[in-house]
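This is upload-v4.txt (compact mmCIF, C-alpha atoms).
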```txt
# COMPACT_ATOMS: atom_id res chain seq x y z
CA MET A 21 87.83 81.69 94.51
CA TRP A 22 88.37 85.44 94.80
CA GLU A 23 86.50 85.42 98.08
CA ALA A 24 88.96 82.87 99.47
CA ILE A 25 91.98 84.85 98.24
CA PHE A 26 90.70 88.06 99.80
CA PHE A 27 89.64 86.33 103.00
CA TYR A 28 92.97 84.61 103.60
CA GLY A 29 94.99 87.61 102.49
CA PHE A 30 93.27 90.09 104.74
CA ALA A 31 92.87 87.63 107.61
CA VAL A 32 96.66 87.25 107.64
CA VAL A 33 97.11 91.02 107.44
CA ALA A 34 94.69 91.53 110.36
CA VAL A 35 96.31 88.90 112.58
CA VAL A 36 99.90 89.93 111.87
CA ALA A 37 99.11 93.61 112.38
CA ALA A 38 97.30 92.79 115.63
CA LEU A 39 100.29 90.79 116.87
CA LEU A 40 102.70 93.58 115.94
CA MET A 41 100.40 96.04 117.69
CA ILE A 42 100.76 94.29 121.06
CA LEU A 43 104.48 93.68 120.57
CA MET A 44 105.68 97.16 119.58
CA LYS A 45 107.27 99.25 122.31
CA ASN A 46 106.21 102.57 120.86
CA PRO A 47 102.47 103.39 121.30
CA VAL A 48 102.44 105.42 118.08
CA ILE A 49 103.59 102.40 116.08
CA SER A 50 101.01 100.28 117.92
CA ALA A 51 98.30 102.72 116.89
CA ALA A 52 99.48 102.54 113.29
CA PHE A 53 99.25 98.75 113.28
CA LEU A 54 95.80 98.92 114.87
CA VAL A 55 94.69 101.05 111.91
CA VAL A 56 96.01 98.34 109.56
CA THR A 57 93.92 95.75 111.44
CA PHE A 58 90.83 97.96 111.20
CA PHE A 59 91.30 98.37 107.45
CA ALA A 60 91.73 94.64 106.94
CA GLN A 61 88.56 94.04 108.93
CA ALA A 62 86.71 96.60 106.83
CA VAL A 63 87.64 94.56 103.75
CA LEU A 64 86.25 91.44 105.44
CA TYR A 65 83.00 93.33 106.19
CA VAL A 66 82.69 94.04 102.48
CA LEU A 67 83.14 90.33 101.77
CA LEU A 68 80.27 89.70 104.21
CA HIS A 69 77.96 92.12 102.32
CA ALA A 70 78.14 94.79 105.04
CA GLU A 71 79.27 97.71 102.90
CA LEU A 72 77.78 100.37 105.16
CA LEU A 73 79.52 98.97 108.22
CA ALA A 74 82.80 98.74 106.30
CA ALA A 75 82.53 102.45 105.54
CA LEU A 76 81.59 103.17 109.16
CA GLN A 77 84.49 101.05 110.39
CA ILE A 78 86.92 103.21 108.45
CA LEU A 79 85.21 106.48 109.38
CA VAL A 80 84.65 105.78 113.08
CA TYR A 81 87.55 103.51 114.01
CA ALA A 82 90.35 104.37 111.60
CA GLY A 83 89.20 107.98 111.48
CA ALA A 84 87.80 109.23 114.75
CA ILE A 85 88.99 106.76 117.36
CA MET A 86 92.55 106.44 116.09
CA VAL A 87 92.92 110.21 115.76
CA LEU A 88 91.82 110.46 119.40
CA PHE A 89 94.42 107.82 120.36
CA LEU A 90 97.25 109.53 118.50
CA PHE A 91 96.15 112.88 119.88
CA VAL A 92 96.45 111.57 123.43
CA VAL A 93 99.79 109.83 122.74
CA MET A 94 101.25 113.05 121.43
CA LEU A 95 99.61 115.18 124.11
CA LEU A 96 101.20 113.04 126.82
CA ASN A 97 104.49 113.06 124.88
CA LEU A 98 105.74 109.91 126.58
CA ASN A 99 108.70 109.06 124.42
CA ARG A 100 110.87 111.43 122.50
CA THR A 101 112.17 108.93 119.96
CA SER A 102 112.37 110.04 116.38
CA PHE A 103 110.35 108.41 113.62
CA THR A 104 112.51 109.28 110.65
CA SER A 105 113.56 105.69 109.99
CA TYR A 106 109.99 104.38 110.10
CA LYS A 107 108.49 107.19 108.11
CA LEU A 108 109.17 106.15 104.54
CA PHE A 109 108.30 102.50 105.05
CA PHE A 110 105.02 103.23 106.78
CA THR A 111 103.85 105.80 104.24
CA LYS A 112 104.36 103.35 101.41
CA PHE A 113 102.79 100.50 103.36
CA PHE A 114 99.68 102.50 104.24
CA ALA A 115 99.35 103.79 100.71
CA LEU A 116 99.29 100.19 99.48
CA VAL A 117 96.73 99.08 102.09
CA VAL A 118 94.43 102.00 101.32
CA LEU A 119 94.73 101.37 97.58
CA VAL A 120 93.80 97.70 97.94
CA ALA A 121 90.90 98.53 100.28
CA ILE A 122 89.48 101.07 97.82
CA LEU A 123 89.83 98.62 94.92
CA VAL A 124 87.99 95.95 96.91
CA VAL A 125 85.14 98.32 97.76
CA PHE A 126 84.70 99.34 94.14
CA GLY A 127 85.05 95.75 92.98
CA SER A 128 82.33 94.60 95.34
CA MET A 129 80.04 97.41 94.15
CA LEU A 130 80.49 96.25 90.56
CA GLY A 131 79.91 92.67 91.70
CA ASP A 132 76.64 93.64 93.41
CA LEU A 133 75.48 95.46 90.29
CA ALA A 134 76.19 92.38 88.22
CA TYR A 135 74.36 90.27 90.80
CA GLU A 136 71.22 92.36 90.46
CA ASN A 137 71.00 91.57 86.77
CA GLN A 138 70.91 87.86 87.48
CA THR A 139 67.78 85.94 88.38
CA ARG A 140 66.08 87.44 91.36
CA ILE A 141 65.38 85.17 94.25
CA ALA A 142 62.51 86.20 96.48
CA ALA A 143 63.08 86.26 100.22
CA GLU A 144 61.53 83.35 102.02
CA THR A 145 59.61 85.32 104.61
CA PRO A 146 60.79 88.90 104.55
CA ASP A 147 58.56 90.03 107.43
CA GLU A 148 59.54 87.32 109.84
CA HIS A 149 63.10 88.54 110.27
CA TYR A 150 64.46 91.96 109.55
CA GLY A 151 66.71 90.99 106.70
CA TYR A 152 67.20 91.52 103.03
CA THR A 153 68.05 89.34 100.10
CA MET A 154 71.00 90.34 97.99
CA GLY A 155 69.80 91.86 94.75
CA GLU A 156 66.18 91.92 95.87
CA ASP A 157 65.84 94.62 98.49
CA ASP A 158 67.88 97.73 99.09
CA ALA A 159 70.40 97.02 101.84
CA LEU A 160 70.54 100.55 103.25
CA GLN A 161 66.75 100.85 103.20
CA SER A 162 66.39 97.64 105.13
CA LEU A 163 68.98 98.67 107.72
CA GLY A 164 67.38 102.08 108.16
CA ARG A 165 63.90 100.64 108.49
CA THR A 166 65.04 98.22 111.17
CA LEU A 167 67.00 100.88 113.03
CA PHE A 168 64.10 103.32 113.20
CA THR A 169 61.34 100.84 113.94
CA ARG A 170 62.40 97.92 116.03
CA PHE A 171 65.55 99.49 117.49
CA LEU A 172 64.23 103.02 117.94
CA TYR A 173 64.51 103.12 121.73
CA PRO A 174 68.06 101.72 121.83
CA PHE A 175 68.92 104.30 119.20
CA GLU A 176 67.64 107.14 121.37
CA ILE A 177 69.38 105.73 124.44
CA MET A 178 72.59 105.57 122.41
CA ALA A 179 72.29 109.29 121.68
CA VAL A 180 71.92 110.08 125.39
CA MET A 181 74.85 107.79 126.18
CA LEU A 182 77.10 109.60 123.71
CA LEU A 183 76.15 112.93 125.26
CA ALA A 184 76.95 111.55 128.72
CA ALA A 185 80.31 110.29 127.44
CA VAL A 186 81.21 113.70 126.02
CA LEU A 187 80.27 115.43 129.27
CA GLY A 188 82.16 112.84 131.31
CA ALA A 189 85.30 113.19 129.22
CA VAL A 190 85.26 116.98 129.48
CA LEU A 191 84.61 116.84 133.21
CA MET A 192 87.42 114.38 133.82
CA THR A 193 90.13 116.15 131.85
CA ARG A 194 89.28 119.57 133.26
CA LYS A 195 92.02 121.07 135.39
CA ARG A 196 90.99 121.26 138.99
CA GLU A 197 90.91 124.69 140.54
CA ALA A 198 92.76 124.48 143.80
CA MET B 7 87.58 76.42 98.43
CA GLU B 8 84.57 78.03 100.01
CA ILE B 9 84.77 80.43 102.92
CA THR B 10 82.28 79.40 105.56
CA LEU B 11 81.05 80.87 108.82
CA ASN B 12 83.64 78.83 110.70
CA HIS B 13 86.49 80.61 108.94
CA TYR B 14 85.23 83.97 110.16
CA LEU B 15 84.55 82.69 113.67
CA LEU B 16 88.06 81.30 113.88
CA LEU B 17 89.62 84.54 112.69
CA SER B 18 87.51 86.47 115.15
CA ALA B 19 88.56 84.17 117.99
CA VAL B 20 92.24 84.62 117.08
CA LEU B 21 91.88 88.40 117.05
CA PHE B 22 90.06 88.31 120.39
CA ILE B 23 92.82 86.19 121.94
CA ILE B 24 95.47 88.58 120.65
CA GLY B 25 93.49 91.34 122.34
CA ILE B 26 93.41 89.42 125.62
CA LEU B 27 97.15 88.79 125.38
CA GLY B 28 97.71 92.49 124.83
CA VAL B 29 95.70 93.37 127.92
CA MET B 30 97.56 90.83 130.03
CA LEU B 31 101.09 91.33 128.76
CA ARG B 32 101.39 95.06 128.33
CA ARG B 33 101.65 97.59 131.14
CA ASN B 34 101.14 100.67 129.00
CA ALA B 35 97.57 101.90 129.55
CA LEU B 36 97.27 103.14 125.96
CA VAL B 37 98.26 99.81 124.41
CA ILE B 38 95.91 97.99 126.78
CA PHE B 39 93.17 100.29 125.58
CA MET B 40 93.99 99.53 121.96
CA SER B 41 93.80 95.82 122.76
CA VAL B 42 90.32 96.36 124.18
CA GLU B 43 89.36 98.02 120.92
CA LEU B 44 90.73 95.03 119.05
CA MET B 45 88.53 92.70 121.10
CA LEU B 46 85.46 94.83 120.40
CA ASN B 47 86.30 94.60 116.71
CA ALA B 48 86.64 90.83 116.87
CA VAL B 49 83.11 90.69 118.30
CA ASN B 50 81.88 92.97 115.53
CA LEU B 51 83.33 90.57 112.99
CA THR B 52 81.43 87.71 114.61
CA PHE B 53 78.18 89.65 114.46
CA ILE B 54 78.60 90.53 110.80
CA ALA B 55 79.59 86.98 109.90
CA PHE B 56 76.49 85.60 111.62
CA ALA B 57 74.33 88.28 109.99
CA ASN B 58 75.57 87.09 106.61
CA TYR B 59 75.22 83.35 107.15
CA LEU B 60 72.24 83.03 109.53
CA TYR B 61 69.35 83.17 107.03
CA SER B 62 71.36 82.41 103.91
CA LYS B 63 70.73 79.25 101.96
CA PRO B 64 72.73 77.90 99.05
CA GLY B 65 71.87 80.07 96.06
CA SER B 66 70.34 82.96 98.00
CA VAL B 67 72.14 85.35 100.29
CA VAL B 68 69.82 86.78 102.94
CA ILE B 69 71.42 89.24 105.29
CA SER B 70 70.05 89.88 108.75
CA SER B 71 69.73 93.58 109.47
CA GLU B 72 69.53 92.88 113.18
CA GLY B 73 73.05 91.53 113.28
CA GLN B 74 74.40 94.57 111.49
CA ILE B 75 72.50 96.96 113.74
CA PHE B 76 74.11 95.38 116.76
CA VAL B 77 77.48 96.28 115.28
CA PHE B 78 76.15 99.80 114.87
CA PHE B 79 75.48 100.01 118.60
CA ILE B 80 78.80 98.43 119.52
CA MET B 81 80.60 101.06 117.46
CA ALA B 82 78.73 103.83 119.30
CA VAL B 83 79.53 102.30 122.67
CA ALA B 84 83.18 101.89 121.64
CA ALA B 85 83.37 105.56 120.66
CA ALA B 86 81.94 106.62 124.03
CA GLU B 87 84.25 104.21 125.81
CA VAL B 88 87.31 105.60 124.04
CA ALA B 89 86.37 109.17 124.92
CA VAL B 90 85.90 108.39 128.62
CA GLY B 91 88.85 105.99 128.82
CA LEU B 92 91.31 108.38 127.24
CA ALA B 93 90.06 111.08 129.61
CA ILE B 94 90.85 108.73 132.50
CA ILE B 95 94.35 108.11 131.07
CA ILE B 96 94.95 111.85 130.78
CA ALA B 97 93.77 112.36 134.36
CA LEU B 98 96.06 109.51 135.48
CA HIS B 99 99.00 111.07 133.69
CA ARG B 100 98.22 114.43 135.24
CA ASN B 101 98.16 112.98 138.75
CA LYS B 102 100.94 110.38 138.60
CA ASP B 103 103.02 111.49 135.62
CA THR B 104 102.95 107.96 134.22
CA ILE B 105 100.55 105.72 132.31
CA ASN B 106 101.99 102.48 133.62
CA ILE B 107 99.02 100.70 135.13
CA ASP B 108 101.12 99.06 137.83
CA GLU B 109 101.60 102.48 139.40
CA ALA B 110 97.88 103.26 139.31
CA ASN B 111 97.12 101.25 142.43
CA THR B 112 95.15 103.64 144.60
CA MET B 113 91.54 104.75 144.41
CA ARG B 114 92.48 108.20 145.68
CA GLY B 115 92.64 110.93 143.01
```
So that I can check it, write out the structure of this file as structure tokens.
Amino acid sequence: MWEAIFFYGFAVVAVVAALLMILMKNPVISAAFLVVTFFAQAVLYVLLHAELLAALQILVYAGAIMVLFLFVVMLLNLNRTSFTSYKLFFTKFFALVVLVAILVVFGSMLGDLAYENQTRIAAETPDEHYGYTMGEDDALQSLGRTLFTRFLYPFEIMAVMLLAAVLGAVLMTRKREA
Amino acid sequence: MEITLNHYLLLSAVLFIIGILGVMLRRNALVIFMSVELMLNAVNLTFIAFANYLYSKPGSVVISSEGQIFVFFIMAVAAAEVAVGLAIIIALHRNKDTINIDEANTMRG
């Protein structure tokens, strides 16, 4: 019941915010609506028992990537329109979204704790697939074990790739000496 | 009223299509870039939904770590992609003084 309410609520928020993002003229407003979509998706990740990824979604996407976007928008200074009329509405709107997201995260934590006290169901074949049963195994432990055993090489390659991306970005934005 | 895998797949498809529309309709390079991010996120949602429902049976929720780790990697790739892509946009703006992609029609720097 609650799952359905949260799913439909945040699915609508995600879709409407995504639509508004592609329809808004001003890139700053677009970026703001993209953040709303990311937050709504983070709530859906929590519903799907991916609490770590929900946290990462907010940290990496809503935090790092969106700051980078806004930084570039303001660095390029494309439009000199004022935001005074939007300001109040958006602050209140974001405050509400953040509040609901935090409540959902805490609610799901309490729900998981309650789940652990129920009857424990053993995993069918825990070694066959790298997975974990809710309330049986520790989710973070299982993710970490998989990441550093089976996916160790992709993990290392990812580190090299991030370094290459940083170097590439610096190289490309450097001013050329004539 | 139970939420099934299909609900999440449908939502993910809708978000992906909105992303495609954004790429095709807008001419602002930044908004196109945001639409690409939206599409990556739609894929992430698919992965996490499958990770939740793949091994689960009625009465026991088994979550696949593999599906979630894929999302991990996609997030890292998206971060790298944003860094490089925004650098390209800044370079474009420096050269052409616009970020309208219709005016970026030469390979010459």
* Quick one: of B:Ile9, B:Phe22, B:Met45, B:Arg33, who's nearest to chain A, counting all atoms listed in the file? ->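 For chain A, the nearest of the candidates is B:Ile9.
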* **Selected residue of minimal separation from chain A among B:Ser18, B:Ser70, B:Asn47, B:Ser62, counting only C-alpha atoms** =>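 Smallest distance to chain A is found for B:Ser70.
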Please check the contacts: residues of chain B at most 8 Å away from chain A, using all atoms listed in the file, listed as a compact mmCIF listing (two decimals) with C-alpha atoms, in the frame of the given file.
```
# COMPACT_ATOMS: atom_id res chain seq x y z
CA MET B 7 87.58 76.42 98.43
CA GLU B 8 84.57 78.03 100.01
CA ILE B 9 84.77 80.43 102.92
CA LEU B 17 89.62 84.54 112.69
CA VAL B 20 92.24 84.62 117.08
CA LEU B 21 91.88 88.40 117.05
CA ILE B 24 95.47 88.58 120.65
CA GLY B 25 93.49 91.34 122.34
CA LEU B 27 97.15 88.79 125.38
CA GLY B 28 97.71 92.49 124.83
CA ARG B 32 101.39 95.06 128.33
CA LEU B 36 97.27 103.14 125.96
CA VAL B 37 98.26 99.81 124.41
CA MET B 40 93.99 99.53 121.96
CA SER B 41 93.80 95.82 122.76
CA LEU B 44 90.73 95.03 119.05
CA ASN B 47 86.30 94.60 116.71
CA LEU B 51 83.33 90.57 112.99
CA ILE B 54 78.60 90.53 110.80
CA ALA B 55 79.59 86.98 109.90
CA ASN B 58 75.57 87.09 106.61
CA SER B 66 70.34 82.96 98.00
CA VAL B 67 72.14 85.35 100.29
CA VAL B 68 69.82 86.78 102.94
CA ILE B 69 71.42 89.24 105.29
CA SER B 70 70.05 89.88 108.75
CA SER B 71 69.73 93.58 109.47
CA GLU B 72 69.53 92.88 113.18
CA GLN B 74 74.40 94.57 111.49
CA ILE B 75 72.50 96.96 113.74
CA VAL B 77 77.48 96.28 115.28
CA PHE B 78 76.15 99.80 114.87
CA PHE B 79 75.48 100.01 118.60
CA MET B 81 80.60 101.06 117.46
CA ALA B 82 78.73 103.83 119.30
CA VAL B 83 79.53 102.30 122.67
CA ALA B 85 83.37 105.56 120.66
CA ALA B 86 81.94 106.62 124.03
CA GLU B 87 84.25 104.21 125.81
CA VAL B 88 87.31 105.60 124.04
CA ALA B 89 86.37 109.17 124.92
CA VAL B 90 85.90 108.39 128.62
CA LEU B 92 91.31 108.38 127.24
CA ALA B 93 90.06 111.08 129.61
CA ILE B 94 90.85 108.73 132.50
CA ILE B 96 94.95 111.85 130.78
CA ALA B 97 93.77 112.36 134.36
CA HIS B 99 99.00 111.07 133.69
```
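Interatomic distance, CA of Gly73 in chain B against CA of Phe39 in chain B: 25.2 Å.
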* Interatomic distance, CA of Leu123 in chain A to CA of Lys63 in chain B (Å, one decimal) ->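 Result for CA of Leu123 in chain A versus CA of Lys63 in chain B: 28.1 Å, one decimal.
The smallest atom-to-atom distance between Glu43 in chain B and any of A:Val55, A:Ile49, A:Val124, A:Leu130, using all atoms listed in the file, is found for A:Val55.
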* To do: State, in Å with one decimal place, the distance from CA of Phe113 in chain A to CA of Phe30 in chain A.
  => 14.2 Å
Please write range 181-193 of chain A of the preceding block to a file containing all heavy atoms, as a PDB file, in the first residue's frame?
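File produced: result_18.pdb:
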```pdb
ATOM      1  N   MET A 181      40.156   5.395 -15.594  1.00  0.00           N
ATOM      2  CA  MET A 181      39.290   6.172 -16.477  1.00  0.00           C
ATOM      3  C   MET A 181      38.968   7.532 -15.865  1.00  0.00           C
ATOM      4  O   MET A 181      38.977   8.554 -16.562  1.00  0.00           O
ATOM      5  CB  MET A 181      37.998   5.399 -16.741  1.00  0.00           C
ATOM      6  CG  MET A 181      37.080   6.081 -17.703  1.00  0.00           C
ATOM      7  SD  MET A 181      35.403   5.515 -17.481  1.00  0.00           S
ATOM      8  CE  MET A 181      35.044   6.124 -15.862  1.00  0.00           C
ATOM      9  N   LEU A 182      38.706   7.560 -14.566  1.00  0.00           N
ATOM     10  CA  LEU A 182      38.400   8.840 -13.919  1.00  0.00           C
ATOM     11  C   LEU A 182      39.597   9.772 -13.979  1.00  0.00           C
ATOM     12  O   LEU A 182      39.446  10.977 -14.218  1.00  0.00           O
ATOM     13  CB  LEU A 182      37.970   8.602 -12.466  1.00  0.00           C
ATOM     14  CG  LEU A 182      36.548   8.077 -12.301  1.00  0.00           C
ATOM     15  CD1 LEU A 182      36.296   7.672 -10.869  1.00  0.00           C
ATOM     16  CD2 LEU A 182      35.550   9.156 -12.700  1.00  0.00           C
ATOM     17  N   LEU A 183      40.795   9.204 -13.791  1.00  0.00           N
ATOM     18  CA  LEU A 183      42.007  10.021 -13.886  1.00  0.00           C
ATOM     19  C   LEU A 183      42.139  10.595 -15.290  1.00  0.00           C
ATOM     20  O   LEU A 183      42.429  11.788 -15.475  1.00  0.00           O
ATOM     21  CB  LEU A 183      43.231   9.168 -13.535  1.00  0.00           C
ATOM     22  CG  LEU A 183      44.573   9.888 -13.628  1.00  0.00           C
ATOM     23  CD1 LEU A 183      44.664  10.957 -12.558  1.00  0.00           C
ATOM     24  CD2 LEU A 183      45.717   8.908 -13.515  1.00  0.00           C
ATOM     25  N   ALA A 184      41.907   9.735 -16.295  1.00  0.00           N
ATOM     26  CA  ALA A 184      41.998  10.191 -17.689  1.00  0.00           C
ATOM     27  C   ALA A 184      40.985  11.298 -17.947  1.00  0.00           C
ATOM     28  O   ALA A 184      41.287  12.283 -18.633  1.00  0.00           O
ATOM     29  CB  ALA A 184      41.768   9.014 -18.634  1.00  0.00           C
ATOM     30  N   ALA A 185      39.777  11.160 -17.381  1.00  0.00           N
ATOM     31  CA  ALA A 185      38.749  12.183 -17.591  1.00  0.00           C
ATOM     32  C   ALA A 185      39.167  13.506 -16.987  1.00  0.00           C
ATOM     33  O   ALA A 185      38.987  14.571 -17.586  1.00  0.00           O
ATOM     34  CB  ALA A 185      37.435  11.710 -16.987  1.00  0.00           C
ATOM     35  N   VAL A 186      39.752  13.457 -15.785  1.00  0.00           N
ATOM     36  CA  VAL A 186      40.198  14.699 -15.140  1.00  0.00           C
ATOM     37  C   VAL A 186      41.261  15.371 -15.992  1.00  0.00           C
ATOM     38  O   VAL A 186      41.206  16.583 -16.257  1.00  0.00           O
ATOM     39  CB  VAL A 186      40.739  14.390 -13.724  1.00  0.00           C
ATOM     40  CG1 VAL A 186      41.443  15.605 -13.160  1.00  0.00           C
ATOM     41  CG2 VAL A 186      39.617  13.957 -12.821  1.00  0.00           C
ATOM     42  N   LEU A 187      42.256  14.560 -16.451  1.00  0.00           N
ATOM     43  CA  LEU A 187      43.321  15.137 -17.267  1.00  0.00           C
ATOM     44  C   LEU A 187      42.758  15.708 -18.559  1.00  0.00           C
ATOM     45  O   LEU A 187      43.130  16.805 -18.992  1.00  0.00           O
ATOM     46  CB  LEU A 187      44.372  14.062 -17.575  1.00  0.00           C
ATOM     47  CG  LEU A 187      45.195  13.602 -16.378  1.00  0.00           C
ATOM     48  CD1 LEU A 187      46.179  12.543 -16.805  1.00  0.00           C
ATOM     49  CD2 LEU A 187      45.919  14.773 -15.755  1.00  0.00           C
ATOM     50  N   GLY A 188      41.830  14.964 -19.176  1.00  0.00           N
ATOM     51  CA  GLY A 188      41.243  15.435 -20.429  1.00  0.00           C
ATOM     52  C   GLY A 188      40.499  16.736 -20.256  1.00  0.00           C
ATOM     53  O   GLY A 188      40.621  17.653 -21.071  1.00  0.00           O
ATOM     54  N   ALA A 189      39.729  16.839 -19.167  1.00  0.00           N
ATOM     55  CA  ALA A 189      38.964  18.063 -18.936  1.00  0.00           C
ATOM     56  C   ALA A 189      39.886  19.248 -18.739  1.00  0.00           C
ATOM     57  O   ALA A 189      39.660  20.326 -19.290  1.00  0.00           O
ATOM     58  CB  ALA A 189      38.062  17.873 -17.718  1.00  0.00           C
ATOM     59  N   VAL A 190      40.962  19.040 -17.958  1.00  0.00           N
ATOM     60  CA  VAL A 190      41.899  20.145 -17.712  1.00  0.00           C
ATOM     61  C   VAL A 190      42.575  20.561 -19.015  1.00  0.00           C
ATOM     62  O   VAL A 190      42.693  21.749 -19.330  1.00  0.00           O
ATOM     63  CB  VAL A 190      42.944  19.732 -16.658  1.00  0.00           C
ATOM     64  CG1 VAL A 190      44.053  20.763 -16.568  1.00  0.00           C
ATOM     65  CG2 VAL A 190      42.280  19.542 -15.318  1.00  0.00           C
ATOM     66  N   LEU A 191      42.980  19.552 -19.776  1.00  0.00           N
ATOM     67  CA  LEU A 191      43.684  19.823 -21.036  1.00  0.00           C
ATOM     68  C   LEU A 191      42.796  20.605 -22.002  1.00  0.00           C
ATOM     69  O   LEU A 191      43.238  21.526 -22.684  1.00  0.00           O
ATOM     70  CB  LEU A 191      44.096  18.486 -21.673  1.00  0.00           C
ATOM     71  CG  LEU A 191      45.292  18.531 -22.625  1.00  0.00           C
ATOM     72  CD1 LEU A 191      46.542  18.817 -21.826  1.00  0.00           C
ATOM     73  CD2 LEU A 191      45.413  17.196 -23.334  1.00  0.00           C
ATOM     74  N   MET A 192      41.506  20.243 -22.030  1.00  0.00           N
ATOM     75  CA  MET A 192      40.623  20.843 -23.020  1.00  0.00           C
ATOM     76  C   MET A 192      40.232  22.275 -22.669  1.00  0.00           C
ATOM     77  O   MET A 192      40.020  23.100 -23.546  1.00  0.00           O
ATOM     78  CB  MET A 192      39.370  19.981 -23.163  1.00  0.00           C
ATOM     79  CG  MET A 192      39.107  19.605 -24.592  1.00  0.00           C
ATOM     80  SD  MET A 192      37.741  18.530 -24.711  1.00  0.00           S
ATOM     81  CE  MET A 192      38.208  17.156 -23.760  1.00  0.00           C
ATOM     82  N   THR A 193      40.111  22.570 -21.397  1.00  0.00           N
ATOM     83  CA  THR A 193      39.675  23.915 -21.013  1.00  0.00           C
ATOM     84  C   THR A 193      40.852  24.873 -20.861  1.00  0.00           C
ATOM     85  O   THR A 193      40.635  26.063 -20.634  1.00  0.00           O
ATOM     86  CB  THR A 193      38.905  23.861 -19.694  1.00  0.00           C
ATOM     87  OG1 THR A 193      39.649  23.070 -18.767  1.00  0.00           O
ATOM     88  CG2 THR A 193      37.534  23.278 -19.888  1.00  0.00           C
TER      89      THR A 193
END
```
